$ cat model-v1.tsv   # TSV, C-alpha atoms
chain	number	residue	atom	x	y	z
A	1	MET	CA	73.09	129.56	120.06
A	2	ARG	CA	74.95	130.88	117.06
A	3	ALA	CA	78.06	129.43	115.42
A	4	VAL	CA	80.66	131.81	114.02
A	5	VAL	CA	83.41	130.80	111.60
A	6	ASP	CA	86.77	132.51	111.94
A	7	SER	CA	87.24	133.12	108.21
A	8	SER	CA	90.91	134.14	108.46
A	9	ARG	CA	91.80	130.99	110.40
A	10	ARG	CA	89.74	128.80	108.08
A	11	ALA	CA	91.48	130.26	104.99
A	12	ALA	CA	94.89	129.66	106.57
A	13	VAL	CA	94.00	126.05	107.41
A	14	ALA	CA	92.74	125.56	103.84
A	15	ARG	CA	96.13	126.75	102.53
A	16	SER	CA	98.01	124.30	104.74
A	17	HIS	CA	95.63	121.45	103.90
A	18	SER	CA	95.89	121.94	100.12
A	19	ALA	CA	99.68	122.23	100.36
A	20	THR	CA	99.69	118.93	102.29
A	21	HIS	CA	97.98	117.17	99.38
A	22	VAL	CA	100.55	118.47	96.87
A	23	LEU	CA	103.43	117.66	99.22
A	24	HIS	CA	102.12	114.09	99.53
A	25	ALA	CA	101.84	113.67	95.77
A	26	THR	CA	105.34	115.08	95.27
A	27	LEU	CA	106.88	112.83	97.95
A	28	ARG	CA	105.38	109.80	96.21
A	29	ARG	CA	106.69	111.04	92.86
A	30	ILE	CA	110.26	111.56	94.15
A	31	LEU	CA	110.58	108.81	96.77
A	32	GLY	CA	108.21	106.20	95.30
A	33	ASP	CA	104.67	104.97	95.85
A	34	HIS	CA	105.64	103.41	99.19
A	35	ALA	CA	105.88	106.95	100.65
A	36	ARG	CA	102.39	107.15	102.05
A	37	GLN	CA	100.86	109.67	104.40
A	38	GLN	CA	100.53	108.37	107.94
A	39	GLY	CA	99.19	111.50	109.56
A	40	SER	CA	99.49	115.24	109.45
A	41	LEU	CA	98.95	118.41	111.38
A	42	VAL	CA	97.18	121.09	109.39
A	43	ALA	CA	97.37	124.35	111.30
A	44	PRO	CA	96.84	127.98	110.30
A	45	ASP	CA	100.56	128.75	110.51
A	46	ARG	CA	102.17	125.47	109.44
A	47	LEU	CA	101.76	121.89	108.43
A	48	ARG	CA	103.47	118.75	109.64
A	49	PHE	CA	103.46	115.64	107.51
A	50	ASP	CA	104.19	112.07	108.64
A	51	PHE	CA	104.94	109.48	105.98
A	52	THR	CA	106.46	106.07	105.46
A	53	HIS	CA	109.93	105.81	103.95
A	54	PHE	CA	112.78	103.43	104.66
A	55	ALA	CA	115.57	106.02	104.98
A	56	ALA	CA	116.31	109.65	105.71
A	57	VAL	CA	115.46	112.04	102.91
A	58	ASP	CA	118.69	113.81	101.99
A	59	SER	CA	118.98	117.58	101.64
A	60	GLU	CA	119.12	117.43	97.85
A	61	GLN	CA	115.87	115.46	97.72
A	62	LEU	CA	114.25	117.87	100.21
A	63	ASP	CA	115.30	120.83	98.06
A	64	THR	CA	113.89	119.12	94.96
A	65	ILE	CA	110.62	118.27	96.70
A	66	GLY	CA	110.21	121.84	97.97
A	67	MET	CA	111.01	123.29	94.55
A	68	LEU	CA	108.54	120.98	92.76
A	69	VAL	CA	105.74	121.64	95.26
A	70	ASN	CA	106.22	125.41	94.91
A	71	GLU	CA	106.45	125.33	91.11
A	72	TYR	CA	103.27	123.30	90.96
A	73	LEU	CA	101.32	125.47	93.40
A	74	LEU	CA	102.46	128.71	91.78
A	75	ASP	CA	101.36	127.40	88.37
A	76	ASP	CA	97.92	127.86	89.97
A	77	PRO	CA	96.14	124.56	89.26
A	78	ASP	CA	92.40	124.44	89.81
A	79	VAL	CA	91.16	122.70	92.91
A	80	ARG	CA	88.06	120.66	92.18
A	81	VAL	CA	85.82	118.94	94.70
A	82	TRP	CA	83.46	116.25	93.48
A	83	HIS	CA	81.43	113.32	94.78
A	84	ALA	CA	81.19	109.76	93.49
A	85	THR	CA	80.73	106.23	94.69
A	86	ARG	CA	83.75	104.67	96.36
A	87	ALA	CA	84.17	102.34	93.35
A	88	GLU	CA	84.05	105.27	90.89
A	89	ALA	CA	86.61	107.19	92.94
A	90	GLU	CA	88.99	104.20	93.04
A	91	ALA	CA	88.54	103.65	89.29
A	92	ALA	CA	89.43	107.33	88.76
A	93	GLY	CA	92.69	106.85	90.69
A	94	ALA	CA	91.73	108.56	93.95
A	95	THR	CA	93.90	107.64	96.90
A	96	ALA	CA	92.61	106.93	100.38
A	97	PHE	CA	94.71	106.24	103.45
A	98	PHE	CA	94.74	105.19	107.09
A	99	GLY	CA	92.21	102.39	106.64
A	100	GLU	CA	89.46	104.98	106.99
A	101	LYS	CA	85.89	103.83	106.67
A	102	TYR	CA	83.92	105.41	103.87
A	103	GLY	CA	80.27	105.26	102.94
A	104	ASP	CA	78.83	104.56	99.50
A	105	ARG	CA	79.38	108.18	98.41
A	106	VAL	CA	82.76	109.84	98.89
A	107	ARG	CA	84.20	113.32	98.47
A	108	ILE	CA	87.23	113.64	96.19
A	109	VAL	CA	89.59	116.61	95.99
A	110	ASP	CA	91.66	117.12	92.82
A	111	ILE	CA	94.47	119.63	92.85
A	112	GLY	CA	95.22	119.97	89.16
A	113	ASP	CA	96.54	116.69	87.83
A	114	ALA	CA	98.99	116.17	90.73
A	115	SER	CA	96.69	115.01	93.51
A	116	ARG	CA	93.39	113.16	93.71
A	117	GLU	CA	92.47	112.09	97.23
A	118	LEU	CA	89.38	111.20	99.20
A	119	CYS	CA	89.09	114.08	101.62
A	120	GLY	CA	86.50	115.86	103.71
A	121	GLY	CA	88.63	118.86	104.61
A	122	THR	CA	88.63	122.50	103.59
A	123	HIS	CA	90.75	123.56	100.59
A	124	VAL	CA	91.69	126.60	98.55
A	125	GLY	CA	90.12	127.22	95.14
A	126	HIS	CA	93.42	127.47	93.25
A	127	GLY	CA	96.91	126.17	93.95
A	128	ALA	CA	98.61	129.57	94.12
A	129	GLN	CA	96.48	130.38	97.15
A	130	ALA	CA	98.33	127.61	99.05
A	131	GLY	CA	101.94	128.38	98.18
A	132	PRO	CA	104.74	128.83	98.40
A	133	ILE	CA	105.80	126.41	101.13
A	134	ARG	CA	109.07	126.01	102.97
A	135	ILE	CA	110.43	122.67	104.20
A	136	TYR	CA	112.31	123.15	107.47
A	137	GLY	CA	113.51	119.62	107.98
A	138	GLU	CA	112.89	115.90	107.99
A	139	SER	CA	113.54	113.28	110.64
A	140	SER	CA	112.62	109.86	111.92
A	141	VAL	CA	109.74	109.53	114.35
A	142	GLY	CA	110.14	105.75	114.58
A	143	ALA	CA	111.86	105.53	117.95
A	144	ARG	CA	109.14	103.46	119.60
A	145	GLY	CA	108.05	100.68	117.26
A	146	CYS	CA	107.20	102.79	114.21
A	147	ALA	CA	110.15	101.86	112.01
A	148	GLY	CA	110.10	103.65	108.69
A	149	LEU	CA	107.97	106.56	109.87
A	150	ARG	CA	109.36	109.98	108.88
A	151	ARG	CA	108.22	113.53	109.60
$ encode --input "model-v1.tsv" --output "structure tokens"
Amino acid sequence: MRAVVDSSRRAAVARSHSATHVLHATLRRILGDHARQQGSLVAPDRLRFDFTHFAAVDSEQLDTIGMLVNEYLLDDPDVRVWHATRAEAEAAGATAFFGEKYGDRVRIVDIGDASRELCGGTHVGHGAQAGPIRIYGESSVGARGCAGLRR
């Protein structure tokens, strides 16, 4: 048996995944630290990002978020992957979400100075490879007991 990686698809997923990290960091910067990722879809042709926030994000804020994400990505920050103990990663300011369970050693992905997250996914080598992005909309997904969940 032989495994084959679809390199075009993998590169496209890496672009979406890296853009998701910068989008998350920018949402927290604009909306506040309470805006935390609650899930995402990272696909070759798009990304979808679920996050906590107590109100709709207005069109002016969405425009600002999109502009800041694109400016940051197109400035071409380095993407650095490194390993450390969980305690070292937390001391370095790495974020981790979803109550995930981690071992003694963790993988951290830095995208320039904007994002530092524990992450096991595939990423681009430089920010410009992930952008630009386009935000198509924002809405509530909290209809069934998930108050404060936005997409």
$ atom_distance --input "model-v1.tsv" --atom1 "atom CA of A:Val106" --atom2 "atom CA of A:Arg36"
20.1 Å
$ atom_distance --input "model-v1.tsv" --atom1 "atom CA of A:His83" --atom2 "atom CA of A:Ser115"
15.4 Å
$ residues_around --input "model-v1.tsv" --residues "A:Arg151" --least-positions-apart "5" --cutoff "8 Å" --atoms "all atoms listed in the file" --output "PyMOL selection string"
chain A and resi 48-51+138-141
$ residues_around --input "model-v1.tsv" --residues "A:Arg134" --least-positions-apart "5" --cutoff "12 Å" --atoms "only C-alpha atoms" --output "PyMOL selection string"
chain A and resi 16+19-20+23+45-48+62-70
$ write_last_selection --input "model-v1.tsv" --atoms "C-alpha atoms" --output "short mmCIF file (atom, residue, chain, number, x, y, z; two decimals), keeping the file's coordinate frame"
data_model
loop_
_atom_site.label_atom_id
_atom_site.label_comp_id
_atom_site.auth_asym_id
_atom_site.auth_seq_id
_atom_site.Cartn_x
_atom_site.Cartn_y
_atom_site.Cartn_z
CA SER A 16 98.01 124.30 104.74
CA ALA A 19 99.68 122.23 100.36
CA THR A 20 99.69 118.93 102.29
CA LEU A 23 103.43 117.66 99.22
CA ASP A 45 100.56 128.75 110.51
CA ARG A 46 102.17 125.47 109.44
CA LEU A 47 101.76 121.89 108.43
CA ARG A 48 103.47 118.75 109.64
CA LEU A 62 114.25 117.87 100.21
CA ASP A 63 115.30 120.83 98.06
CA THR A 64 113.89 119.12 94.96
CA ILE A 65 110.62 118.27 96.70
CA GLY A 66 110.21 121.84 97.97
CA MET A 67 111.01 123.29 94.55
CA LEU A 68 108.54 120.98 92.76
CA VAL A 69 105.74 121.64 95.26
CA ASN A 70 106.22 125.41 94.91
#
$ residues_near_point --input "model-v1.tsv" --point "(115.4, 105.5, 104.5)" --cutoff "12 Å" --atoms "all atoms listed in the file" --output "list in words"
Leu31, Gly32, His34, Ala35, Phe51, Thr52, His53, Phe54, Ala55, Ala56, Val57, Asp58, Glu138, Ser139, Ser140, Gly142, Ala147, Gly148, Leu149, Arg150 and Arg151 of chain A
$ closest_residue --input "model-v1.tsv" --among "A:Leu27, A:Ala84, A:Ile133, A:Ala89" --to "A:Arg105" --atoms "all atoms listed in the file"
A:Ala84
$ residues_around --input "model-v1.tsv" --residues "A:Arg107" --least-positions-apart "3" --cutoff "6 Å" --atoms "all atoms listed in the file" --output "count of residues only"
4
$ build_atoms --input "model-v1.tsv" --residues "stretch 6-17 of chain A" --atoms "all heavy atoms" --output "mmCIF file, in the frame of the given file"
data_model
loop_
_atom_site.group_PDB
_atom_site.id
_atom_site.type_symbol
_atom_site.label_atom_id
_atom_site.label_comp_id
_atom_site.auth_asym_id
_atom_site.auth_seq_id
_atom_site.Cartn_x
_atom_site.Cartn_y
_atom_site.Cartn_z
ATOM 1 N N ASP A 6 85.641 131.592 112.037
ATOM 2 C CA ASP A 6 86.770 132.510 111.940
ATOM 3 C C ASP A 6 87.322 132.375 110.527
ATOM 4 O O ASP A 6 88.095 131.460 110.229
ATOM 5 C CB ASP A 6 87.815 132.144 112.998
ATOM 6 C CG ASP A 6 89.028 133.055 112.995
ATOM 7 O OD1 ASP A 6 89.296 133.718 111.969
ATOM 8 O OD2 ASP A 6 89.729 133.073 114.018
ATOM 9 N N SER A 7 86.914 133.264 109.636
ATOM 10 C CA SER A 7 87.240 133.120 108.210
ATOM 11 C C SER A 7 88.736 133.225 107.932
ATOM 12 O O SER A 7 89.239 132.543 107.042
ATOM 13 C CB SER A 7 86.453 134.119 107.367
ATOM 14 O OG SER A 7 86.760 135.433 107.766
ATOM 15 N N SER A 8 89.455 134.035 108.669
ATOM 16 C CA SER A 8 90.910 134.140 108.460
ATOM 17 C C SER A 8 91.603 132.840 108.836
ATOM 18 O O SER A 8 92.474 132.351 108.111
ATOM 19 C CB SER A 8 91.495 135.285 109.291
ATOM 20 O OG SER A 8 90.994 136.511 108.834
ATOM 21 N N ARG A 9 91.211 132.261 109.973
ATOM 22 C CA ARG A 9 91.800 130.990 110.400
ATOM 23 C C ARG A 9 91.437 129.875 109.423
ATOM 24 O O ARG A 9 92.274 129.069 109.050
ATOM 25 C CB ARG A 9 91.329 130.634 111.808
ATOM 26 C CG ARG A 9 91.962 129.361 112.330
ATOM 27 C CD ARG A 9 91.462 129.012 113.739
ATOM 28 N NE ARG A 9 92.194 127.917 114.317
ATOM 29 C CZ ARG A 9 92.062 126.652 113.954
ATOM 30 N NH1 ARG A 9 91.196 126.311 113.011
ATOM 31 N NH2 ARG A 9 92.791 125.697 114.526
ATOM 32 N N ARG A 10 90.186 129.838 109.010
ATOM 33 C CA ARG A 10 89.740 128.800 108.080
ATOM 34 C C ARG A 10 90.498 128.888 106.761
ATOM 35 O O ARG A 10 90.918 127.872 106.207
ATOM 36 C CB ARG A 10 88.239 128.911 107.835
ATOM 37 C CG ARG A 10 87.701 127.831 106.904
ATOM 38 C CD ARG A 10 86.192 127.954 106.762
ATOM 39 N NE ARG A 10 85.672 127.076 105.759
ATOM 40 C CZ ARG A 10 85.183 125.871 105.998
ATOM 41 N NH1 ARG A 10 85.142 125.406 107.236
ATOM 42 N NH2 ARG A 10 84.719 125.130 105.019
ATOM 43 N N ALA A 11 90.722 130.087 106.238
ATOM 44 C CA ALA A 11 91.480 130.260 104.990
ATOM 45 C C ALA A 11 92.921 129.800 105.162
ATOM 46 O O ALA A 11 93.490 129.175 104.266
ATOM 47 C CB ALA A 11 91.422 131.716 104.535
ATOM 48 N N ALA A 12 93.519 130.087 106.310
ATOM 49 C CA ALA A 12 94.890 129.660 106.570
ATOM 50 C C ALA A 12 94.992 128.136 106.664
ATOM 51 O O ALA A 12 95.933 127.527 106.140
ATOM 52 C CB ALA A 12 95.428 130.321 107.838
ATOM 53 N N VAL A 13 94.027 127.507 107.316
ATOM 54 C CA VAL A 13 94.000 126.050 107.410
ATOM 55 C C VAL A 13 93.804 125.439 106.018
ATOM 56 O O VAL A 13 94.444 124.442 105.667
ATOM 57 C CB VAL A 13 92.899 125.570 108.389
ATOM 58 C CG1 VAL A 13 92.660 124.072 108.277
ATOM 59 C CG2 VAL A 13 93.270 125.945 109.816
ATOM 60 N N ALA A 14 92.955 126.041 105.206
ATOM 61 C CA ALA A 14 92.740 125.560 103.840
ATOM 62 C C ALA A 14 94.048 125.602 103.041
ATOM 63 O O ALA A 14 94.346 124.686 102.273
ATOM 64 C CB ALA A 14 91.651 126.385 103.148
ATOM 65 N N ARG A 15 94.835 126.660 103.218
ATOM 66 C CA ARG A 15 96.130 126.750 102.530
ATOM 67 C C ARG A 15 97.051 125.600 102.946
ATOM 68 O O ARG A 15 97.647 124.927 102.108
ATOM 69 C CB ARG A 15 96.797 128.100 102.803
ATOM 70 C CG ARG A 15 96.126 129.266 102.102
ATOM 71 C CD ARG A 15 96.944 130.545 102.191
ATOM 72 N NE ARG A 15 97.094 131.042 103.553
ATOM 73 C CZ ARG A 15 96.224 131.838 104.166
ATOM 74 N NH1 ARG A 15 95.128 132.227 103.529
ATOM 75 N NH2 ARG A 15 96.443 132.265 105.395
ATOM 76 N N SER A 16 97.153 125.380 104.242
ATOM 77 C CA SER A 16 98.010 124.300 104.740
ATOM 78 C C SER A 16 97.511 122.933 104.259
ATOM 79 O O SER A 16 98.306 122.071 103.874
ATOM 80 C CB SER A 16 98.055 124.312 106.274
ATOM 81 O OG SER A 16 98.734 125.441 106.753
ATOM 82 N N HIS A 17 96.202 122.739 104.288
ATOM 83 C CA HIS A 17 95.630 121.450 103.900
ATOM 84 C C HIS A 17 95.876 121.158 102.412
ATOM 85 O O HIS A 17 96.301 120.059 102.044
ATOM 86 C CB HIS A 17 94.142 121.418 104.214
ATOM 87 C CG HIS A 17 93.557 120.053 104.168
ATOM 88 N ND1 HIS A 17 92.312 119.781 104.647
ATOM 89 C CD2 HIS A 17 94.024 118.873 103.700
ATOM 90 C CE1 HIS A 17 92.039 118.500 104.471
ATOM 91 N NE2 HIS A 17 93.068 117.935 103.883
#
